[in-house]
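Data from entry28.txt: compact mmCIF, N, CA and C atoms
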# COMPACT_ATOMS: atom_id res chain seq x y z
N MET A 1 199.25 237.70 -220.39
CA MET A 1 200.28 236.75 -220.74
C MET A 1 201.58 237.10 -220.03
N LYS A 2 201.88 238.40 -219.93
CA LYS A 2 203.10 238.85 -219.27
C LYS A 2 203.07 238.48 -217.80
N GLN A 3 201.90 238.60 -217.16
CA GLN A 3 201.78 238.23 -215.76
C GLN A 3 201.96 236.73 -215.56
N ALA A 4 201.50 235.93 -216.49
CA ALA A 4 201.65 234.47 -216.39
C ALA A 4 203.12 234.08 -216.46
N LYS A 5 203.88 234.76 -217.35
CA LYS A 5 205.31 234.46 -217.47
C LYS A 5 206.04 234.84 -216.19
N ILE A 6 205.70 235.97 -215.61
CA ILE A 6 206.33 236.41 -214.36
C ILE A 6 206.00 235.43 -213.24
N LEU A 7 204.75 234.99 -213.21
CA LEU A 7 204.33 234.01 -212.19
C LEU A 7 205.11 232.70 -212.35
N VAL A 8 205.30 232.22 -213.57
CA VAL A 8 206.03 230.98 -213.83
C VAL A 8 207.49 231.16 -213.40
N VAL A 9 208.10 232.29 -213.72
CA VAL A 9 209.50 232.55 -213.34
C VAL A 9 209.63 232.58 -211.82
N LEU A 10 208.71 233.24 -211.13
CA LEU A 10 208.76 233.29 -209.67
C LEU A 10 208.57 231.90 -209.06
N LEU A 11 207.66 231.12 -209.63
CA LEU A 11 207.42 229.77 -209.14
C LEU A 11 208.66 228.90 -209.32
N LEU A 12 209.30 228.95 -210.48
CA LEU A 12 210.51 228.17 -210.72
C LEU A 12 211.64 228.62 -209.79
N ALA A 13 211.75 229.91 -209.56
CA ALA A 13 212.79 230.42 -208.65
C ALA A 13 212.55 229.91 -207.22
N ALA A 14 211.30 229.89 -206.78
CA ALA A 14 210.97 229.42 -205.44
C ALA A 14 211.27 227.93 -205.31
N VAL A 15 210.92 227.14 -206.31
CA VAL A 15 211.21 225.71 -206.29
C VAL A 15 212.72 225.48 -206.25
N GLY A 16 213.46 226.21 -207.05
CA GLY A 16 214.92 226.08 -207.05
C GLY A 16 215.53 226.47 -205.72
N LEU A 17 215.01 227.51 -205.09
CA LEU A 17 215.53 227.97 -203.81
C LEU A 17 215.29 226.92 -202.73
N PHE A 18 214.08 226.40 -202.65
CA PHE A 18 213.77 225.42 -201.61
C PHE A 18 214.48 224.08 -201.84
N SER A 19 214.60 223.66 -203.07
CA SER A 19 215.27 222.37 -203.32
C SER A 19 216.77 222.48 -203.09
N SER A 20 217.36 223.65 -203.27
CA SER A 20 218.80 223.80 -203.02
C SER A 20 219.09 223.95 -201.54
N CYS A 21 218.08 224.20 -200.71
CA CYS A 21 218.28 224.35 -199.28
C CYS A 21 218.25 223.01 -198.54
N GLU A 22 217.81 221.96 -199.21
CA GLU A 22 217.77 220.67 -198.56
C GLU A 22 219.19 220.21 -198.27
N LYS A 23 219.41 219.79 -197.05
CA LYS A 23 220.74 219.35 -196.66
C LYS A 23 220.76 217.82 -196.69
N GLU A 24 221.53 217.29 -197.59
CA GLU A 24 221.64 215.85 -197.69
C GLU A 24 222.84 215.41 -196.86
N GLU A 25 222.58 214.61 -195.83
CA GLU A 25 223.65 214.11 -195.00
C GLU A 25 223.82 212.63 -195.24
N GLY A 26 225.05 212.24 -195.43
CA GLY A 26 225.35 210.83 -195.59
C GLY A 26 225.53 210.19 -194.23
N PRO A 27 225.91 208.95 -194.23
CA PRO A 27 226.15 208.24 -192.96
C PRO A 27 227.28 208.91 -192.17
N THR A 28 227.12 208.95 -190.85
CA THR A 28 228.14 209.53 -189.98
C THR A 28 228.44 208.58 -188.83
N ALA A 29 229.55 208.83 -188.17
CA ALA A 29 229.92 208.10 -186.96
C ALA A 29 230.87 209.00 -186.18
N ASN A 30 230.91 208.83 -184.84
CA ASN A 30 231.75 209.68 -184.01
C ASN A 30 232.09 208.97 -182.70
N ALA A 31 233.18 209.40 -182.09
CA ALA A 31 233.57 208.91 -180.77
C ALA A 31 234.05 210.08 -179.94
N THR A 32 233.71 210.08 -178.66
CA THR A 32 234.19 211.11 -177.74
C THR A 32 234.98 210.45 -176.62
N PHE A 33 235.99 211.13 -176.12
CA PHE A 33 236.83 210.64 -175.02
C PHE A 33 236.74 211.61 -173.86
N THR A 34 236.70 211.07 -172.63
CA THR A 34 236.72 211.88 -171.41
C THR A 34 237.72 211.27 -170.45
N THR A 35 238.64 212.07 -169.93
CA THR A 35 239.59 211.60 -168.93
C THR A 35 239.14 212.11 -167.58
N THR A 36 239.06 211.20 -166.61
CA THR A 36 238.63 211.58 -165.27
C THR A 36 239.82 212.06 -164.46
N THR A 37 239.55 212.61 -163.29
CA THR A 37 240.62 213.13 -162.43
C THR A 37 241.56 212.02 -161.96
N SER A 38 241.09 210.78 -161.92
CA SER A 38 241.95 209.66 -161.50
C SER A 38 242.86 209.20 -162.64
N GLY A 39 242.66 209.73 -163.84
CA GLY A 39 243.47 209.34 -164.98
C GLY A 39 242.84 208.26 -165.83
N ASP A 40 241.70 207.73 -165.40
CA ASP A 40 240.99 206.76 -166.21
C ASP A 40 240.32 207.50 -167.37
N THR A 41 239.91 206.76 -168.37
CA THR A 41 239.26 207.41 -169.51
C THR A 41 238.02 206.60 -169.92
N ASP A 42 237.06 207.30 -170.46
CA ASP A 42 235.88 206.64 -171.00
C ASP A 42 235.35 207.46 -172.16
N GLY A 43 234.36 206.93 -172.82
CA GLY A 43 233.81 207.65 -173.95
C GLY A 43 232.58 206.99 -174.51
N ASP A 44 232.04 207.64 -175.52
CA ASP A 44 230.83 207.18 -176.19
C ASP A 44 231.08 207.11 -177.68
N VAL A 45 230.37 206.19 -178.34
CA VAL A 45 230.41 206.07 -179.79
C VAL A 45 228.98 206.15 -180.31
N THR A 46 228.82 206.80 -181.45
CA THR A 46 227.50 206.92 -182.08
C THR A 46 227.68 206.84 -183.59
N GLY A 47 226.63 206.43 -184.26
CA GLY A 47 226.70 206.40 -185.71
C GLY A 47 225.35 206.12 -186.34
N ASN A 48 225.22 206.52 -187.59
CA ASN A 48 224.02 206.21 -188.36
C ASN A 48 224.41 205.55 -189.68
N GLY A 49 225.36 204.62 -189.57
CA GLY A 49 225.79 203.88 -190.75
C GLY A 49 227.15 204.30 -191.28
N GLY A 50 227.80 205.26 -190.62
CA GLY A 50 229.08 205.74 -191.10
C GLY A 50 230.26 205.00 -190.53
N SER A 51 231.44 205.35 -191.01
CA SER A 51 232.69 204.79 -190.52
C SER A 51 233.56 205.92 -189.99
N PHE A 52 234.40 205.60 -188.99
CA PHE A 52 235.15 206.64 -188.29
C PHE A 52 236.30 205.99 -187.55
N ALA A 53 237.43 206.66 -187.46
CA ALA A 53 238.55 206.19 -186.65
C ALA A 53 239.13 207.38 -185.89
N LYS A 54 239.44 207.16 -184.62
CA LYS A 54 240.00 208.22 -183.80
C LYS A 54 241.03 207.61 -182.86
N THR A 55 242.16 208.29 -182.70
CA THR A 55 243.22 207.84 -181.81
C THR A 55 243.40 208.84 -180.69
N TYR A 56 243.65 208.32 -179.52
CA TYR A 56 243.75 209.13 -178.30
C TYR A 56 244.97 208.64 -177.53
N THR A 57 245.73 209.56 -176.94
CA THR A 57 246.87 209.19 -176.09
C THR A 57 246.41 209.19 -174.65
N TRP A 58 246.66 208.09 -173.97
CA TRP A 58 246.21 207.90 -172.59
C TRP A 58 247.41 207.55 -171.73
N GLN A 59 247.60 208.27 -170.64
CA GLN A 59 248.71 208.02 -169.71
C GLN A 59 248.34 206.88 -168.77
N ASN A 60 249.08 205.79 -168.87
CA ASN A 60 248.85 204.64 -168.00
C ASN A 60 250.17 204.32 -167.29
N SER A 61 250.20 204.52 -165.99
CA SER A 61 251.41 204.27 -165.21
C SER A 61 251.57 202.80 -164.83
N MET A 62 250.65 201.96 -165.25
CA MET A 62 250.66 200.54 -164.92
C MET A 62 250.96 199.71 -166.19
N PRO A 63 251.33 198.43 -166.02
CA PRO A 63 251.63 197.60 -167.19
C PRO A 63 250.40 196.96 -167.84
N THR A 64 249.23 197.07 -167.21
CA THR A 64 248.00 196.54 -167.78
C THR A 64 246.88 197.57 -167.62
N ALA A 65 245.76 197.28 -168.25
CA ALA A 65 244.58 198.15 -168.13
C ALA A 65 243.34 197.28 -168.10
N ASP A 66 242.35 197.70 -167.35
CA ASP A 66 241.03 197.08 -167.37
C ASP A 66 240.21 197.82 -168.42
N TYR A 67 239.46 197.07 -169.21
CA TYR A 67 238.66 197.71 -170.25
C TYR A 67 237.22 197.20 -170.20
N ASN A 68 236.33 198.00 -170.73
CA ASN A 68 234.93 197.63 -170.91
C ASN A 68 234.45 198.32 -172.18
N MET A 69 233.74 197.59 -173.01
CA MET A 69 233.17 198.18 -174.23
C MET A 69 231.82 197.54 -174.49
N ASP A 70 230.87 198.33 -174.99
CA ASP A 70 229.56 197.78 -175.29
C ASP A 70 228.90 198.56 -176.42
N ILE A 71 227.98 197.88 -177.07
CA ILE A 71 227.13 198.55 -178.05
C ILE A 71 225.69 198.31 -177.62
N THR A 72 224.91 199.37 -177.67
CA THR A 72 223.49 199.29 -177.30
C THR A 72 222.67 199.87 -178.44
N ALA A 73 221.53 199.27 -178.64
CA ALA A 73 220.62 199.72 -179.70
C ALA A 73 221.32 199.78 -181.05
N SER A 74 222.33 198.96 -181.22
CA SER A 74 223.06 198.98 -182.48
C SER A 74 222.30 198.19 -183.55
N ARG A 75 222.22 198.76 -184.71
CA ARG A 75 221.48 198.16 -185.80
C ARG A 75 222.38 197.74 -186.95
N GLY A 76 223.68 197.75 -186.73
CA GLY A 76 224.59 197.33 -187.79
C GLY A 76 225.99 197.87 -187.58
N GLY A 77 226.95 197.22 -188.22
CA GLY A 77 228.32 197.67 -188.20
C GLY A 77 229.11 197.12 -187.02
N SER A 78 230.33 197.65 -186.86
CA SER A 78 231.20 197.16 -185.80
C SER A 78 231.91 198.30 -185.07
N PHE A 79 232.33 197.98 -183.85
CA PHE A 79 233.04 198.89 -182.95
C PHE A 79 234.29 198.14 -182.50
N GLN A 80 235.46 198.67 -182.83
CA GLN A 80 236.73 198.03 -182.51
C GLN A 80 237.53 198.92 -181.58
N LEU A 81 238.15 198.31 -180.56
CA LEU A 81 239.00 199.00 -179.59
C LEU A 81 240.39 198.38 -179.69
N VAL A 82 241.38 199.20 -180.04
CA VAL A 82 242.76 198.75 -180.18
C VAL A 82 243.62 199.59 -179.25
N ILE A 83 244.43 198.92 -178.41
CA ILE A 83 245.28 199.62 -177.46
C ILE A 83 246.73 199.18 -177.64
N LYS A 84 247.63 200.15 -177.71
CA LYS A 84 249.06 199.88 -177.79
C LYS A 84 249.74 200.55 -176.60
N ASP A 85 250.77 199.87 -176.06
CA ASP A 85 251.48 200.40 -174.90
C ASP A 85 252.44 201.52 -175.32
N ALA A 86 253.23 202.00 -174.37
CA ALA A 86 254.14 203.13 -174.61
C ALA A 86 255.24 202.79 -175.62
N GLU A 87 255.48 201.50 -175.85
CA GLU A 87 256.50 201.09 -176.83
C GLU A 87 255.87 200.69 -178.17
N GLY A 88 254.57 200.86 -178.30
CA GLY A 88 253.88 200.53 -179.55
C GLY A 88 253.46 199.08 -179.67
N LYS A 89 253.59 198.32 -178.59
CA LYS A 89 253.18 196.91 -178.58
C LYS A 89 251.67 196.81 -178.44
N ASN A 90 251.05 196.00 -179.28
CA ASN A 90 249.61 195.81 -179.24
C ASN A 90 249.24 194.98 -178.01
N VAL A 91 248.47 195.58 -177.08
CA VAL A 91 248.07 194.87 -175.86
C VAL A 91 246.58 194.52 -175.85
N LEU A 92 245.82 195.05 -176.81
CA LEU A 92 244.39 194.72 -176.90
C LEU A 92 243.89 195.03 -178.30
N ASP A 93 243.08 194.13 -178.84
CA ASP A 93 242.41 194.36 -180.11
C ASP A 93 241.09 193.59 -180.06
N LYS A 94 240.02 194.26 -179.69
CA LYS A 94 238.70 193.64 -179.53
C LYS A 94 237.70 194.32 -180.44
N LYS A 95 236.74 193.52 -180.95
CA LYS A 95 235.72 194.06 -181.85
C LYS A 95 234.36 193.52 -181.45
N LEU A 96 233.37 194.41 -181.48
CA LEU A 96 231.97 194.03 -181.32
C LEU A 96 231.27 194.31 -182.64
N THR A 97 230.52 193.31 -183.12
CA THR A 97 229.78 193.47 -184.36
C THR A 97 228.30 193.28 -184.06
N ALA A 98 227.51 194.25 -184.46
CA ALA A 98 226.07 194.21 -184.19
C ALA A 98 225.44 192.97 -184.80
N GLY A 99 224.65 192.28 -183.98
CA GLY A 99 223.94 191.10 -184.44
C GLY A 99 224.79 189.85 -184.58
N ASP A 100 226.04 189.92 -184.13
CA ASP A 100 226.95 188.78 -184.28
C ASP A 100 227.65 188.51 -182.95
N GLY A 101 226.99 187.78 -182.08
CA GLY A 101 227.61 187.43 -180.80
C GLY A 101 227.34 188.46 -179.72
N GLU A 102 228.36 188.67 -178.90
CA GLU A 102 228.23 189.52 -177.72
C GLU A 102 228.00 190.99 -178.08
N ASP A 103 227.32 191.68 -177.16
CA ASP A 103 227.17 193.13 -177.33
C ASP A 103 228.03 193.89 -176.32
N SER A 104 228.85 193.16 -175.55
CA SER A 104 229.79 193.82 -174.64
C SER A 104 230.98 192.89 -174.38
N LYS A 105 232.09 193.50 -174.05
CA LYS A 105 233.30 192.78 -173.68
C LYS A 105 233.98 193.56 -172.58
N SER A 106 234.64 192.84 -171.67
CA SER A 106 235.40 193.50 -170.62
C SER A 106 236.49 192.55 -170.15
N GLY A 107 237.47 193.11 -169.47
CA GLY A 107 238.57 192.30 -168.96
C GLY A 107 239.81 193.13 -168.76
N VAL A 108 240.94 192.44 -168.84
CA VAL A 108 242.25 193.07 -168.67
C VAL A 108 242.98 192.94 -170.00
N THR A 109 243.79 193.94 -170.33
CA THR A 109 244.56 193.85 -171.57
C THR A 109 245.27 192.51 -171.62
N SER A 110 245.41 191.96 -172.81
CA SER A 110 245.86 190.59 -172.99
C SER A 110 247.29 190.32 -172.57
N SER A 111 248.11 191.32 -172.50
CA SER A 111 249.49 191.11 -172.07
C SER A 111 250.00 192.36 -171.38
N SER A 112 251.07 192.17 -170.59
CA SER A 112 251.65 193.32 -169.90
C SER A 112 252.32 194.23 -170.92
N GLY A 113 252.19 195.53 -170.67
CA GLY A 113 252.78 196.51 -171.57
C GLY A 113 253.70 197.45 -170.83
N ALA A 114 254.32 198.31 -171.57
CA ALA A 114 255.22 199.31 -170.99
C ALA A 114 254.40 200.50 -170.51
N PRO A 115 254.55 200.87 -169.24
CA PRO A 115 253.84 202.05 -168.72
C PRO A 115 254.25 203.32 -169.49
N GLY A 116 253.35 204.29 -169.49
CA GLY A 116 253.62 205.56 -170.16
C GLY A 116 252.45 205.98 -171.01
N ALA A 117 252.75 206.58 -172.15
CA ALA A 117 251.72 207.09 -173.06
C ALA A 117 251.22 205.96 -173.96
N TRP A 118 250.03 205.46 -173.66
CA TRP A 118 249.41 204.39 -174.45
C TRP A 118 248.55 205.02 -175.54
N THR A 119 248.43 204.32 -176.65
CA THR A 119 247.60 204.78 -177.76
C THR A 119 246.31 203.97 -177.78
N VAL A 120 245.19 204.67 -177.75
CA VAL A 120 243.87 204.04 -177.79
C VAL A 120 243.22 204.43 -179.12
N ALA A 121 242.85 203.43 -179.90
CA ALA A 121 242.19 203.69 -181.18
C ALA A 121 240.78 203.13 -181.15
N ILE A 122 239.85 203.94 -181.58
CA ILE A 122 238.45 203.54 -181.75
C ILE A 122 238.20 203.50 -183.25
N VAL A 123 237.71 202.37 -183.74
CA VAL A 123 237.40 202.22 -185.16
C VAL A 123 235.94 201.79 -185.29
N LEU A 124 235.15 202.61 -185.94
CA LEU A 124 233.74 202.30 -186.21
C LEU A 124 233.61 202.05 -187.70
N THR A 125 232.99 200.92 -188.06
CA THR A 125 232.83 200.56 -189.47
C THR A 125 231.34 200.34 -189.75
N ASP A 126 230.78 201.16 -190.64
CA ASP A 126 229.36 201.08 -190.99
C ASP A 126 228.50 201.01 -189.73
N PHE A 127 228.88 201.78 -188.73
CA PHE A 127 228.28 201.69 -187.40
C PHE A 127 226.95 202.41 -187.34
N ASN A 128 225.93 201.70 -186.85
CA ASN A 128 224.59 202.26 -186.77
C ASN A 128 224.03 201.96 -185.37
N GLY A 129 224.15 202.91 -184.47
CA GLY A 129 223.68 202.74 -183.10
C GLY A 129 224.54 203.56 -182.15
N ASP A 130 224.67 203.08 -180.92
CA ASP A 130 225.54 203.78 -179.97
C ASP A 130 226.19 202.77 -179.04
N GLY A 131 227.15 203.25 -178.30
CA GLY A 131 227.88 202.38 -177.39
C GLY A 131 228.78 203.22 -176.49
N SER A 132 229.58 202.51 -175.69
CA SER A 132 230.48 203.22 -174.78
C SER A 132 231.69 202.33 -174.50
N PHE A 133 232.70 202.96 -173.88
CA PHE A 133 233.90 202.23 -173.50
C PHE A 133 234.52 202.91 -172.27
N SER A 134 235.33 202.15 -171.54
CA SER A 134 236.07 202.72 -170.41
C SER A 134 237.39 201.99 -170.26
N LEU A 135 238.38 202.72 -169.79
CA LEU A 135 239.71 202.17 -169.52
C LEU A 135 240.15 202.63 -168.14
N ASN A 136 240.62 201.66 -167.35
CA ASN A 136 241.13 201.97 -166.01
C ASN A 136 242.53 201.41 -165.91
N LYS A 137 243.38 202.11 -165.20
CA LYS A 137 244.75 201.63 -164.99
C LYS A 137 244.69 200.27 -164.28
N GLY A 138 245.46 199.30 -164.78
CA GLY A 138 245.45 197.96 -164.21
C GLY A 138 246.36 197.84 -163.00
N ASP A 139 246.64 196.61 -162.62
CA ASP A 139 247.51 196.34 -161.47
C ASP A 139 248.93 196.07 -161.92
Could you rewrite the structure in this file as structure tokens?
Amino acid sequence: MKQAKILVVLLLAAVGLFSSCEKEEGPTANATFTTTTSGDTDGDVTGNGGSFAKTYTWQNSMPTADYNMDITASRGGSFQLVIKDAEGKNVLDKKLTAGDGEDSKSGVTSSSGAPGAWTVAIVLTDFNGDGSFSLNKGD
């Protein structure tokens, strides 16, 4: 009987140990930025249903910027690109939503901005998939 009790205690301890080692991860999302030697910037976005926002300062010596953004293999959520010029003026606010219209957008920022340190914000909402973006100094 004593051996049976010891066996039960060891079994319960093992079950408790293994069940406490399970790592439960909730939804995540992330964005990475890379600046090239020419001063242009690009990056990638990924997610498995999470939300995420990241702001990056980008030096743009021109009053406009060329942009490209896309989502691939996206199964839900949205990817938003917001750009403000050196004076804080909003020069671009574009969003891609999985399963709702286009899966890519590109063009020139909607209005001329002040050259200098521009703010680039990436906002992922319930994003499930991956994508990319790029910014080039305009004319």
Would you mind reading off the distance between atom N of Val82 of chain A and atom CA of Phe133 of chain A, one decimal, in Å?
->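 Value for the atom N of Val82 of chain A-atom CA of Phe133 of chain A distance: 10.4 Å.
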State, in Å with one decimal place, the distance from atom C of Trp118 of chain A to atom CA of Asp103 of chain A.
->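 Computed distance, atom C of Trp118 of chain A to atom CA of Asp103 of chain A, equals 24.5 Å.
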When you look at segment 91-95 of chain A with a cut-off of 10 Å (counting only C-alpha atoms), what residues show up, excluding the ones that are within fewer than 2 positions of it in the same chain? I need them as a short mmCIF file (atom, residue, chain, number, x, y, z; two decimals) with N, CA and C atoms, keeping the file's coordinate frame.
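So selection33.cif came out as:
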data_model
loop_
_atom_site.label_atom_id
_atom_site.label_comp_id
_atom_site.auth_asym_id
_atom_site.auth_seq_id
_atom_site.Cartn_x
_atom_site.Cartn_y
_atom_site.Cartn_z
N PRO A 63 251.33 198.43 -166.02
CA PRO A 63 251.63 197.60 -167.19
C PRO A 63 250.40 196.96 -167.84
N THR A 64 249.23 197.07 -167.21
CA THR A 64 248.00 196.54 -167.78
C THR A 64 246.88 197.57 -167.62
N ALA A 65 245.76 197.28 -168.25
CA ALA A 65 244.58 198.15 -168.13
C ALA A 65 243.34 197.28 -168.10
N TYR A 67 239.46 197.07 -169.21
CA TYR A 67 238.66 197.71 -170.25
C TYR A 67 237.22 197.20 -170.20
N MET A 69 233.74 197.59 -173.01
CA MET A 69 233.17 198.18 -174.23
C MET A 69 231.82 197.54 -174.49
N ASP A 70 230.87 198.33 -174.99
CA ASP A 70 229.56 197.78 -175.29
C ASP A 70 228.90 198.56 -176.42
N SER A 78 230.33 197.65 -186.86
CA SER A 78 231.20 197.16 -185.80
C SER A 78 231.91 198.30 -185.07
N PHE A 79 232.33 197.98 -183.85
CA PHE A 79 233.04 198.89 -182.95
C PHE A 79 234.29 198.14 -182.50
N GLN A 80 235.46 198.67 -182.83
CA GLN A 80 236.73 198.03 -182.51
C GLN A 80 237.53 198.92 -181.58
N LEU A 81 238.15 198.31 -180.56
CA LEU A 81 239.00 199.00 -179.59
C LEU A 81 240.39 198.38 -179.69
N VAL A 82 241.38 199.20 -180.04
CA VAL A 82 242.76 198.75 -180.18
C VAL A 82 243.62 199.59 -179.25
N ILE A 83 244.43 198.92 -178.41
CA ILE A 83 245.28 199.62 -177.46
C ILE A 83 246.73 199.18 -177.64
N LYS A 84 247.63 200.15 -177.71
CA LYS A 84 249.06 199.88 -177.79
C LYS A 84 249.74 200.55 -176.60
N ASP A 85 250.77 199.87 -176.06
CA ASP A 85 251.48 200.40 -174.90
C ASP A 85 252.44 201.52 -175.32
N GLY A 88 254.57 200.86 -178.30
CA GLY A 88 253.88 200.53 -179.55
C GLY A 88 253.46 199.08 -179.67
N LYS A 89 253.59 198.32 -178.59
CA LYS A 89 253.18 196.91 -178.58
C LYS A 89 251.67 196.81 -178.44
N THR A 97 230.52 193.31 -183.12
CA THR A 97 229.78 193.47 -184.36
C THR A 97 228.30 193.28 -184.06
N ALA A 98 227.51 194.25 -184.46
CA ALA A 98 226.07 194.21 -184.19
C ALA A 98 225.44 192.97 -184.80
N GLU A 102 228.36 188.67 -178.90
CA GLU A 102 228.23 189.52 -177.72
C GLU A 102 228.00 190.99 -178.08
N ASP A 103 227.32 191.68 -177.16
CA ASP A 103 227.17 193.13 -177.33
C ASP A 103 228.03 193.89 -176.32
N SER A 104 228.85 193.16 -175.55
CA SER A 104 229.79 193.82 -174.64
C SER A 104 230.98 192.89 -174.38
N LYS A 105 232.09 193.50 -174.05
CA LYS A 105 233.30 192.78 -173.68
C LYS A 105 233.98 193.56 -172.58
N SER A 106 234.64 192.84 -171.67
CA SER A 106 235.40 193.50 -170.62
C SER A 106 236.49 192.55 -170.15
N VAL A 108 240.94 192.44 -168.84
CA VAL A 108 242.25 193.07 -168.67
C VAL A 108 242.98 192.94 -170.00
N THR A 109 243.79 193.94 -170.33
CA THR A 109 244.56 193.85 -171.57
C THR A 109 245.27 192.51 -171.62
N SER A 110 245.41 191.96 -172.81
CA SER A 110 245.86 190.59 -172.99
C SER A 110 247.29 190.32 -172.57
N SER A 111 248.11 191.32 -172.50
CA SER A 111 249.49 191.11 -172.07
C SER A 111 250.00 192.36 -171.38
N SER A 112 251.07 192.17 -170.59
CA SER A 112 251.65 193.32 -169.90
C SER A 112 252.32 194.23 -170.92
N GLY A 113 252.19 195.53 -170.67
CA GLY A 113 252.78 196.51 -171.57
C GLY A 113 253.70 197.45 -170.83
N ALA A 114 254.32 198.31 -171.57
CA ALA A 114 255.22 199.31 -170.99
C ALA A 114 254.40 200.50 -170.51
N TRP A 118 250.03 205.46 -173.66
CA TRP A 118 249.41 204.39 -174.45
C TRP A 118 248.55 205.02 -175.54
N VAL A 120 245.19 204.67 -177.75
CA VAL A 120 243.87 204.04 -177.79
C VAL A 120 243.22 204.43 -179.12
N ALA A 121 242.85 203.43 -179.90
CA ALA A 121 242.19 203.69 -181.18
C ALA A 121 240.78 203.13 -181.15
N ILE A 122 239.85 203.94 -181.58
CA ILE A 122 238.45 203.54 -181.75
C ILE A 122 238.20 203.50 -183.25
N VAL A 123 237.71 202.37 -183.74
CA VAL A 123 237.40 202.22 -185.16
C VAL A 123 235.94 201.79 -185.29
N LEU A 124 235.15 202.61 -185.94
CA LEU A 124 233.74 202.30 -186.21
C LEU A 124 233.61 202.05 -187.70
#
Measure the distance from atom CA of Thr55 of chain A to atom CA of Thr125 of chain A in Å and round it to one decimal.
-> 14.8 Å
Could you pull out all residues of segment 14-135 of chain A with a DSSP call of strand (DSSP E) and give them as an NGL selection string?
-> :A and (29-35 or 41-60 or 65-84 or 90-97 or 104-108 or 116-135)
Have a look at A:Gly116, A:Gly39, A:Phe33, A:Asp126 and name the one nearest to Ser51 of chain A; count only N, CA and C atoms.
->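 Nearest candidate to Ser51 of chain A out of A:Gly116, A:Gly39, A:Phe33, A:Asp126: A:Asp126.
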Within 6 Å of Thr72 of chain A, counting all atoms listed in the file, which residues qualify if same-chain residues fewer than 4 places away don't, as a tab-separated table (two decimals) with N, CA and C atoms, in the frame of the given file?
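Written out: out37.tsv:
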chain	number	residue	atom	x	y	z
A	129	GLY	N	224.15	202.91	-184.47
A	129	GLY	CA	223.68	202.74	-183.10
A	129	GLY	C	224.54	203.56	-182.15
A	130	ASP	N	224.67	203.08	-180.92
A	130	ASP	CA	225.54	203.78	-179.97
A	130	ASP	C	226.19	202.77	-179.04
A	131	GLY	N	227.15	203.25	-178.30
A	131	GLY	CA	227.88	202.38	-177.39
A	131	GLY	C	228.78	203.22	-176.49
A	132	SER	N	229.58	202.51	-175.69
A	132	SER	CA	230.48	203.22	-174.78
A	132	SER	C	231.69	202.33	-174.50
Taking only N, CA and C atoms into account, which of A:Ala117, A:Phe127, A:Gly77, A:Trp58 comes nearest Thr41 of chain A?
-> A:Trp58
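You can rank A:Glu25, A:Gly43, A:Asn48, A:Gly99 by their closest distance to Asn68 of chain A using only C-alpha atoms, and at the top of that list sits A:Gly43.
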